[in-house]
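Participant: Sending over work.cif (mmCIF, C-alpha atoms and all ligand atoms).
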data_final
#
loop_
_atom_site.label_atom_id
_atom_site.label_comp_id
_atom_site.auth_asym_id
_atom_site.auth_seq_id
_atom_site.Cartn_x
_atom_site.Cartn_y
_atom_site.Cartn_z
CA VAL A 1329 75.00 81.58 134.63
CA MET A 1330 75.74 84.41 132.21
CA SER A 1331 73.66 84.27 129.06
CA ARG A 1332 75.09 85.58 125.82
CA PRO A 1333 72.87 87.98 123.84
CA PRO A 1334 71.41 86.23 120.80
CA PRO A 1335 73.41 86.83 117.58
CA GLN A 1336 71.87 89.55 115.41
CA HIS A 1337 72.94 87.74 112.27
CA GLN A 1338 73.62 84.25 111.13
CA GLU A 1339 77.11 83.13 112.18
CA TRP A 1340 79.62 82.15 109.51
CA LYS A 1341 83.17 80.84 109.56
CA GLY A 1342 84.71 83.76 107.64
CA ALA A 1343 85.54 87.29 108.79
CA GLY A 1344 82.70 89.81 108.60
CA THR A 1345 82.15 92.83 106.35
CA THR A 1346 85.11 95.25 106.34
CA ALA A 1347 84.44 98.07 108.84
CA HIS A 1348 83.21 101.25 107.08
CA PHE A 1349 82.61 99.25 103.87
CA TYR A 1350 80.18 101.77 102.39
CA GLU A 1351 82.39 104.79 103.07
CA ILE A 1352 85.40 102.94 101.60
CA ILE A 1353 83.71 101.98 98.32
CA LEU A 1354 82.22 105.45 97.96
CA GLY A 1355 85.59 107.11 98.64
CA ARG A 1356 87.37 104.76 96.24
CA CYS A 1357 84.76 105.46 93.57
CA TYR A 1358 85.38 109.22 93.85
CA THR A 1359 89.15 108.77 93.98
CA TYR A 1360 89.07 106.64 90.85
CA THR A 1361 86.64 108.73 88.80
CA GLN A 1362 87.96 112.15 89.87
CA ILE A 1363 91.70 111.56 90.28
CA VAL A 1364 92.93 108.24 88.82
CA ARG A 1365 90.82 108.35 85.62
CA PRO A 1366 89.18 111.79 85.37
CA GLU A 1367 87.77 110.77 81.97
CA LEU A 1368 85.27 108.74 84.04
CA GLY A 1369 84.28 111.85 86.03
CA HIS A 1370 80.71 111.55 84.72
CA LYS A 1371 80.10 108.29 86.62
CA ASP A 1372 77.56 108.64 89.45
CA CYS A 1373 79.33 107.30 92.55
CA GLN A 1374 76.24 107.68 94.77
CA LYS A 1375 74.26 105.48 92.37
CA ILE A 1376 77.17 103.02 92.04
CA GLY A 1377 77.53 102.73 95.83
CA LYS A 1378 73.80 102.05 96.21
CA ALA A 1379 73.84 99.45 93.42
CA PHE A 1380 76.77 97.71 95.12
CA THR A 1381 75.04 97.39 98.52
CA ASN A 1382 71.65 96.59 96.92
CA ALA A 1383 73.33 93.55 95.32
CA PHE A 1384 73.75 91.83 98.70
CA LEU A 1385 71.80 93.54 101.51
CA SER A 1386 68.79 91.65 102.95
CA LYS A 1387 69.81 88.55 100.96
CA ASP A 1388 71.15 85.12 101.85
CA PRO A 1389 74.95 85.53 101.42
CA CYS A 1390 75.20 81.89 100.31
CA SER A 1391 72.71 82.27 97.43
CA SER A 1392 74.33 85.21 95.69
CA THR A 1393 73.92 85.33 91.89
CA GLU A 1394 75.61 87.19 89.05
CA GLN A 1395 72.16 88.76 88.39
CA ASP A 1396 72.38 90.47 91.78
CA TYR A 1397 75.44 92.37 90.54
CA GLN A 1398 74.04 93.19 87.07
CA PRO A 1399 72.85 96.76 87.90
CA LEU A 1400 76.27 97.50 89.47
CA MET A 1401 78.07 96.09 86.42
CA GLU A 1402 75.99 98.22 84.06
CA LEU A 1403 76.87 101.40 85.95
CA THR A 1404 80.60 100.63 85.94
CA ASN A 1405 81.29 99.62 82.33
CA GLN A 1406 84.67 100.82 81.14
CA THR A 1407 86.80 100.32 78.01
CA VAL A 1408 90.30 98.89 78.31
CA PRO A 1409 92.42 99.48 75.17
CA CYS A 1410 93.43 96.44 73.10
CA ASP A 1411 96.77 94.84 74.13
CA LYS A 1412 96.59 96.44 77.60
CA THR A 1413 94.79 93.78 79.66
CA LEU A 1414 96.97 92.20 82.35
CA LEU A 1415 95.66 89.08 84.10
CA TRP A 1416 97.41 87.41 87.02
CA SER A 1417 97.31 84.47 89.40
CA LYS A 1418 99.29 84.06 92.65
CA THR A 1419 101.24 87.25 91.91
CA ASN A 1420 99.05 89.85 93.66
CA GLU A 1421 101.88 92.11 94.89
CA LEU A 1422 104.21 91.93 91.90
CA VAL A 1423 101.53 92.43 89.25
CA HIS A 1424 100.30 95.63 90.88
CA GLU A 1425 103.84 96.93 91.30
CA TYR A 1426 104.31 96.40 87.57
CA ALA A 1427 100.95 97.96 86.65
CA TRP A 1428 101.87 100.95 88.81
CA VAL A 1429 105.05 101.48 86.77
CA GLN A 1430 103.44 100.62 83.39
CA GLN A 1431 100.50 102.99 83.74
CA GLU A 1432 98.97 102.01 80.38
CA LEU A 1433 98.40 98.39 81.54
CA PHE A 1434 95.15 97.45 83.27
CA THR A 1435 94.72 94.71 85.81
CA LEU A 1436 91.13 94.20 87.00
CA GLU A 1437 92.09 96.21 90.10
CA ASN A 1438 93.03 99.13 87.83
CA THR A 1439 89.44 99.31 86.56
CA LEU A 1440 86.76 101.14 88.54
CA LEU A 1441 84.91 98.14 89.95
CA GLY A 1442 88.05 96.14 90.78
CA TYR A 1443 89.61 99.24 92.37
CA MET A 1444 86.53 99.77 94.56
CA ALA A 1445 86.27 96.19 95.83
CA ASP A 1446 89.93 95.07 96.07
CA GLY A 1447 90.81 93.63 99.47
CA LEU A 1448 87.33 94.16 100.97
CA ARG A 1449 84.83 91.70 102.42
CA TRP A 1450 81.07 92.09 102.51
CA CYS A 1451 77.84 90.22 103.14
CA GLY A 1452 74.26 90.81 104.19
CA ASP A 1453 71.66 88.78 105.99
CA PRO A 1454 68.12 87.83 104.88
CA GLY A 1455 66.75 88.84 108.29
CA SER A 1456 68.25 92.32 108.40
CA PRO A 1457 68.71 95.39 106.16
CA GLU A 1458 72.24 95.88 107.57
CA MET A 1459 75.62 94.52 106.59
CA ASN A 1460 76.94 91.65 108.69
CA TYR A 1461 80.12 92.98 110.32
CA GLN A 1462 80.37 89.92 112.59
CA SER A 1463 80.95 87.14 110.07
CA CYS A 1464 80.55 86.27 106.38
CA PRO A 1465 80.56 82.89 104.62
CA ASP A 1466 83.96 81.32 104.14
CA ARG A 1467 84.20 80.15 100.54
CA ARG A 1468 85.67 76.78 101.44
CA THR A 1469 83.80 75.79 104.60
CA ASP A 1470 80.44 77.64 104.22
CA CYS A 1471 79.55 78.06 100.53
CA SER A 1472 81.08 78.85 97.15
CA ASN A 1473 78.18 81.04 96.00
CA ASN A 1474 78.91 83.69 98.60
CA SER A 1475 78.46 87.42 97.93
CA VAL A 1476 82.20 88.09 97.49
CA SER A 1477 83.10 85.10 95.28
CA VAL A 1478 80.10 85.61 93.01
CA PHE A 1479 81.13 89.24 92.62
CA TRP A 1480 84.73 88.36 91.61
CA ASN A 1481 83.52 85.65 89.26
CA ALA A 1482 81.18 88.13 87.55
CA VAL A 1483 83.67 90.99 87.23
CA SER A 1484 86.55 88.69 86.19
CA LYS A 1485 84.27 87.20 83.51
CA ARG A 1486 83.40 90.63 82.10
CA PHE A 1487 87.04 91.76 82.23
CA ALA A 1488 88.11 88.75 80.13
CA GLU A 1489 85.15 89.05 77.72
CA ASP A 1490 86.03 92.69 77.06
CA ALA A 1491 89.73 92.03 76.33
CA CYS A 1492 91.15 92.36 72.81
CA GLY A 1493 94.48 91.98 70.99
CA VAL A 1494 97.31 90.43 72.99
CA VAL A 1495 96.39 89.63 76.59
CA HIS A 1496 99.15 89.27 79.18
CA VAL A 1497 99.16 87.17 82.32
CA LEU A 1498 101.65 87.28 85.18
CA LEU A 1499 102.05 83.85 86.77
CA ASN A 1500 104.05 82.57 89.72
CA GLY A 1501 106.73 80.04 88.78
CA SER A 1502 107.57 79.35 92.44
CA VAL A 1503 104.31 77.72 93.50
CA HIS A 1504 103.25 74.11 92.99
CA ASN A 1505 100.59 74.80 90.33
CA THR A 1506 101.75 77.77 88.29
CA PHE A 1507 98.55 77.39 86.25
CA ASP A 1508 96.05 76.33 88.94
CA GLU A 1509 92.82 74.91 87.52
CA ARG A 1510 90.91 76.10 90.60
CA SER A 1511 92.02 79.73 90.28
CA THR A 1512 89.78 82.48 88.91
CA PHE A 1513 92.27 82.94 86.09
CA ALA A 1514 91.82 79.29 85.05
CA ARG A 1515 88.11 78.79 85.82
CA VAL A 1516 86.78 82.12 84.59
CA GLU A 1517 89.20 84.32 82.68
CA VAL A 1518 90.78 81.80 80.27
CA PHE A 1519 87.34 80.52 79.22
CA ASN A 1520 85.88 83.96 78.66
CA LEU A 1521 88.55 85.37 76.35
CA HIS A 1522 86.95 85.76 72.91
CA PRO A 1523 89.16 84.13 70.25
CA GLU A 1524 87.70 86.48 67.60
CA LYS A 1525 89.19 89.41 69.50
CA VAL A 1526 92.10 87.90 71.46
CA HIS A 1527 94.67 86.29 69.16
CA THR A 1528 97.41 85.68 71.75
CA LEU A 1529 97.83 85.09 75.46
CA GLN A 1530 101.35 85.93 76.53
CA ALA A 1531 102.42 84.56 79.90
CA TRP A 1532 105.20 86.05 81.99
CA VAL A 1533 106.20 83.45 84.56
CA MET A 1534 108.16 84.96 87.42
CA GLN A 1535 110.11 82.99 89.99
CA ASP A 1536 110.90 84.09 93.51
CA ILE A 1537 114.28 85.78 93.17
CA ARG A 1538 115.53 83.99 96.31
CA ASN A 1539 115.20 80.55 94.70
CA ILE A 1540 115.36 80.65 90.94
CA SER A 1541 114.90 77.18 89.47
CA SER A 1542 114.76 75.81 85.96
CA ASP A 1543 112.44 76.72 83.09
CA SER A 1544 108.93 77.30 84.48
CA CYS A 1545 107.41 77.63 81.01
CA SER A 1546 107.99 73.89 80.49
CA ASP A 1547 106.12 73.07 83.73
CA ALA A 1548 103.27 70.54 83.31
CA SER A 1549 100.61 73.02 84.41
CA ILE A 1550 101.78 75.51 81.75
CA LYS A 1551 101.55 72.75 79.12
CA ASN A 1552 97.96 72.27 80.25
CA LEU A 1553 97.26 75.99 79.79
CA LYS A 1554 98.82 75.86 76.32
CA LEU A 1555 96.58 72.91 75.41
CA ILE A 1556 93.41 74.60 76.66
CA LEU A 1557 94.23 77.72 74.64
CA SER A 1558 95.10 75.82 71.45
CA LYS A 1559 91.66 74.14 71.64
CA ARG A 1560 90.19 77.64 71.93
CA ASN A 1561 92.18 78.91 68.92
CA ILE A 1562 94.25 81.33 70.97
CA THR A 1563 98.02 81.39 70.47
CA PHE A 1564 100.06 80.94 73.64
CA THR A 1565 103.50 82.34 74.29
CA CYS A 1566 105.48 82.04 77.51
CA GLU A 1567 108.50 83.92 78.86
CA ASN A 1568 110.42 83.05 82.02
CA ASN A 1569 111.56 85.80 84.35
CA TYR A 1570 110.63 88.72 82.08
CA ARG A 1571 113.38 91.29 82.57
CA PRO A 1572 111.32 94.43 83.30
CA ILE A 1573 109.56 92.60 86.13
CA ARG A 1574 112.81 91.00 87.34
CA PHE A 1575 114.08 94.56 87.83
CA LEU A 1576 111.14 95.22 90.15
CA GLN A 1577 112.09 92.14 92.19
CA CYS A 1578 115.65 93.49 92.30
CA VAL A 1579 114.39 96.77 93.81
CA LYS A 1580 113.31 94.68 96.80
CA TYR A 1581 116.41 92.41 96.91
CA PRO A 1582 119.19 94.58 95.36
CA GLU A 1583 121.97 92.52 96.95
CA HIS A 1584 120.78 89.22 95.50
CA SER A 1585 123.31 87.61 93.15
CA SER A 1586 120.99 87.75 90.14
CA CYS A 1587 120.64 91.50 90.70
CA ARG A 1588 124.28 92.41 91.20
CA SER A 1589 125.54 92.29 87.62
CA LYS A 1590 126.05 95.71 86.08
CA ILE A 1591 123.24 96.41 83.61
P1 LIG B 1601 94.82 84.01 93.24
O1 LIG B 1601 94.64 82.58 93.63
O2 LIG B 1601 96.17 84.62 93.44
O3 LIG B 1601 93.70 84.86 93.97
C1 LIG B 1601 93.79 86.28 94.02
C2 LIG B 1601 92.96 86.86 95.14
O4 LIG B 1601 91.60 86.68 94.85
C3 LIG B 1601 93.19 86.19 96.47
O5 LIG B 1601 93.13 87.19 97.48
C4 LIG B 1601 92.05 85.22 96.59
O6 LIG B 1601 91.71 84.97 97.93
C5 LIG B 1601 90.96 85.95 95.85
N1 LIG B 1601 90.03 85.02 95.19
C6 LIG B 1601 90.30 84.20 94.16
N2 LIG B 1601 89.23 83.49 93.83
C7 LIG B 1601 88.26 83.86 94.69
C8 LIG B 1601 86.93 83.47 94.89
N3 LIG B 1601 86.33 82.55 94.12
N4 LIG B 1601 86.24 84.04 95.90
C9 LIG B 1601 86.81 84.98 96.68
N5 LIG B 1601 88.05 85.39 96.54
C10 LIG B 1601 88.77 84.84 95.56
O7 LIG B 1601 94.52 84.18 91.69
P2 LIG B 1601 93.17 83.94 90.88
O8 LIG B 1601 92.20 83.12 91.65
O9 LIG B 1601 93.56 83.48 89.52
O10 LIG B 1601 92.56 85.42 90.75
C11 LIG B 1601 93.26 86.46 90.09
C12 LIG B 1601 92.67 86.74 88.71
O11 LIG B 1601 91.27 86.87 88.79
C13 LIG B 1601 93.17 88.07 88.18
O12 LIG B 1601 93.43 87.95 86.79
C14 LIG B 1601 92.04 89.07 88.48
O13 LIG B 1601 91.62 89.69 87.26
C15 LIG B 1601 90.87 88.24 89.02
N6 LIG B 1601 90.51 88.33 90.48
C16 LIG B 1601 90.89 89.34 91.31
C17 LIG B 1601 90.51 89.32 92.65
C18 LIG B 1601 90.92 90.38 93.64
O14 LIG B 1601 90.77 90.18 94.85
N7 LIG B 1601 91.40 91.52 93.24
C19 LIG B 1601 89.75 88.27 93.13
C20 LIG B 1601 89.39 87.24 92.27
C21 LIG B 1601 89.77 87.30 90.95
#
As structure tokens, what does this structure read like?

Facilitator:
Amino acid sequence: VMSRPPPQHQEWKGAGTTAHFYEIILGRCYTYTQIVRPELGHKDCQKIGKAFTNAFLSKDPCSSTEQDYQPLMELTNQTVPCDKTLLWSKTNELVHEYAWVQQELFTLENTLLGYMADGLRWCGDPGSPEMNYQSCPDRRTDCSNNSVSVFWNAVSKRFAEDACGVVHVLLNGSVHNTFDERSTFARVEVFNLHPEKVHTLQAWVMQDIRNISSDSCSDASIKNLKLILSKRNITFTCENNYRPIRFLQCVKYPEHSSCRSKI
């Protein structure tokens, strides 16, 4: 009978740490601070990389806390100009296409810490000083306080707290819950906007160009968002199929009927 070698780490249901995690975050830190935003060239990427891994190595990946990420957060503070914060939910591709074209707008992933961590997975193990490349907690089946979710909750919270002026959000009008109460946007960002600084939240609700339906701004979930914001003294405005972003959708589907009219 063949015996399997004992696992070096605890086994979780989710995929493990992204291969070459440390090299990726370090490289992204240098790319961001030297090339994307050279005004942040004074940031110490070696120190930032160490603070990132220190937040989760040798710890239980299901008992992660926002405190763990505090030193990392302090090293990566960054000012986003008023009126330039762009939040999103269920529009990952489209929002970053738009932010790429509108260079003055900042999604979380256009700030240093969001840029470094976007799309990566990571976790440690209390019994080892190494990263666990085999498996990491799945946020649904293992635990919600996992090292990755706690990180995104903490950075999304700070991003919203720091916002000022008009804040924009790009929502998906082609999914069941356009404003999903379980999303990070709903749970964290909406509740951490400061009404003394943020007077208006403007939503752009985009529908899939291949099946445009009726007015998404009058959707029940959007009414719920409007109610939450009115209780928080923040004005809410909503626009369906905002034209500049519709044009981006048309780049991908130029032959679609709603893209064929001469501009
Ligand atoms: P969403 O449901 O479209 O989720 C966006 C991405 O974040 C997905 O890849 C999702 O798997 C991941 N994600 C969301 N909540 C998570 C959690 N608790 N733990 C681990 N991964 C999680 O939209 P959303 O939930 O509203 O999140 C988008 C908003 O929150 C944006 O405004 C952004 O500022 C911030 N955010 C970004 C990321 C990211 O991966 N870049 C993750 C979480 C939150």

Participant: Would you please work out which residue, of A:Ile1562, A:Ala1488, A:Cys1373, A:Cys1451, is nearest to Trp1340 of chain A when using all atoms listed in the file?

Facilitator: A:Cys1451

Participant: Just want the 9 Å neighbourhood of Ile1573 of chain A, counted on all atoms listed in the file, with same-chain residues fewer than 6 positions away dropped. Output as a PyMOL selection string.

Facilitator: chain A and resi 1422-1423+1425-1426+1532+1534

Participant: Hey, which residues come within 6 Å of ligand LIG 1601 (chain B) if we count only C-alpha atoms and all ligand atoms? Could you give them as an MDAnalysis selection string?

Facilitator: chainID A and resid 1415:1420 1436:1437 1446:1447 1476:1477 1480 1484 1511:1513

Participant: Could you list as a PyMOL selection string every residue that has an atom within 12 Å of (83.2, 97.9, 87.8), using the file's coordinates and counting only C-alpha atoms?

Facilitator: chain A and resi 1353+1356-1357+1360-1361+1368+1371+1373+1376-1377+1379-1380+1397-1408+1436-1446+1479-1480+1482-1487

Participant: Contacts of segment 1383-1395 of chain A at 7 Å or less, counting all atoms listed in the file, minus same-chain residues fewer than 3 places along, as a ChimeraX atom specification?

Facilitator: /A:1379-1380,1398,1451-1459,1465,1471,1473-1475,1478-1479,1482

Participant: Between atom CA of Leu1448 of chain A and atom CA of Leu1354 of chain A, what is the distance, to one decimal in Å?

Facilitator: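 Straight-line distance from atom CA of Leu1448 of chain A to atom CA of Leu1354 of chain A works out to 12.8 Å.
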
Participant: What's around segment 1519-1526 of chain A at 7 Å? Count only C-alpha atoms, leave out sequence neighbours fewer than 3 positions away in its own chain, and write the answer as a list in words.

Facilitator: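 Near neighbours after the sequence-gap exclusion: Lys1485, Ala1488, Glu1489, Ala1491, Cys1492, Gly1493, Val1494, Val1495, Arg1515, Val1516, Arg1560, Asn1561 and Ile1562 of chain A.
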
Participant: Report, in Å with one decimal, the straight-line distance from atom CA of Arg1332 of chain A to atom CA of Ser1463 of chain A.

Facilitator: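 So the two atoms, atom CA of Arg1332 of chain A and atom CA of Ser1463 of chain A, lie 16.9 Å apart.
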
Participant: When distances are computed from all atoms listed in the file, which of A:Val1579, A:Glu1432, A:Val1518, A:Arg1510 shows the smallest separation from Lys1554 of chain A?

Facilitator: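 Smallest separation from Lys1554 of chain A among the options: A:Val1518.
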
Participant: Point out the residue among A:Gln1577, A:Gln1362, A:Ser1502, A:Gln1530 with the least atom-to-atom distance to Ser1542 of chain A, counting only C-alpha atoms.

Facilitator: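 Closest residue, counting only C-alpha atoms: A:Ser1502.
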
Participant: Measuring atom to atom with only C-alpha atoms, identify which of A:Tyr1461, A:Gln1430, A:Gln1374, A:Asp1536 is nearest to Tyr1581 of chain A.

Facilitator: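 Checking each of A:Tyr1461, A:Gln1430, A:Gln1374, A:Asp1536 against Tyr1581 of chain A, counting only C-alpha atoms, the winner is A:Asp1536.
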
Participant: Would you please work out which residue, of A:Asp1508, A:Asp1466, A:Glu1367, A:Glu1421, is nearest to Ser1549 of chain A when using all atoms listed in the file?

Facilitator: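 Among the listed residues, the smallest separation from Ser1549 of chain A belongs to A:Asp1508.
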
Participant: Counting all atoms listed in the file, what is within 12 Å of Lys1551 of chain A, bar same-chain residues fewer than 2 positions away, as a compact mmCIF listing (two decimals) with C-alpha atoms, keeping the file's coordinate frame?

Facilitator:
# COMPACT_ATOMS: atom_id res chain seq x y z
CA ASN A 1505 100.59 74.80 90.33
CA THR A 1506 101.75 77.77 88.29
CA PHE A 1507 98.55 77.39 86.25
CA ASP A 1508 96.05 76.33 88.94
CA ALA A 1531 102.42 84.56 79.90
CA SER A 1544 108.93 77.30 84.48
CA CYS A 1545 107.41 77.63 81.01
CA SER A 1546 107.99 73.89 80.49
CA ASP A 1547 106.12 73.07 83.73
CA ALA A 1548 103.27 70.54 83.31
CA SER A 1549 100.61 73.02 84.41
CA LEU A 1553 97.26 75.99 79.79
CA LYS A 1554 98.82 75.86 76.32
CA LEU A 1555 96.58 72.91 75.41
CA ILE A 1556 93.41 74.60 76.66
CA LEU A 1557 94.23 77.72 74.64
CA SER A 1558 95.10 75.82 71.45
CA PHE A 1564 100.06 80.94 73.64
CA THR A 1565 103.50 82.34 74.29
CA CYS A 1566 105.48 82.04 77.51

Participant: Please compute the atom CA of Val1429 of chain A-atom CA of Phe1575 of chain A distance, one decimal, in Å.

Facilitator: 11.4 Å
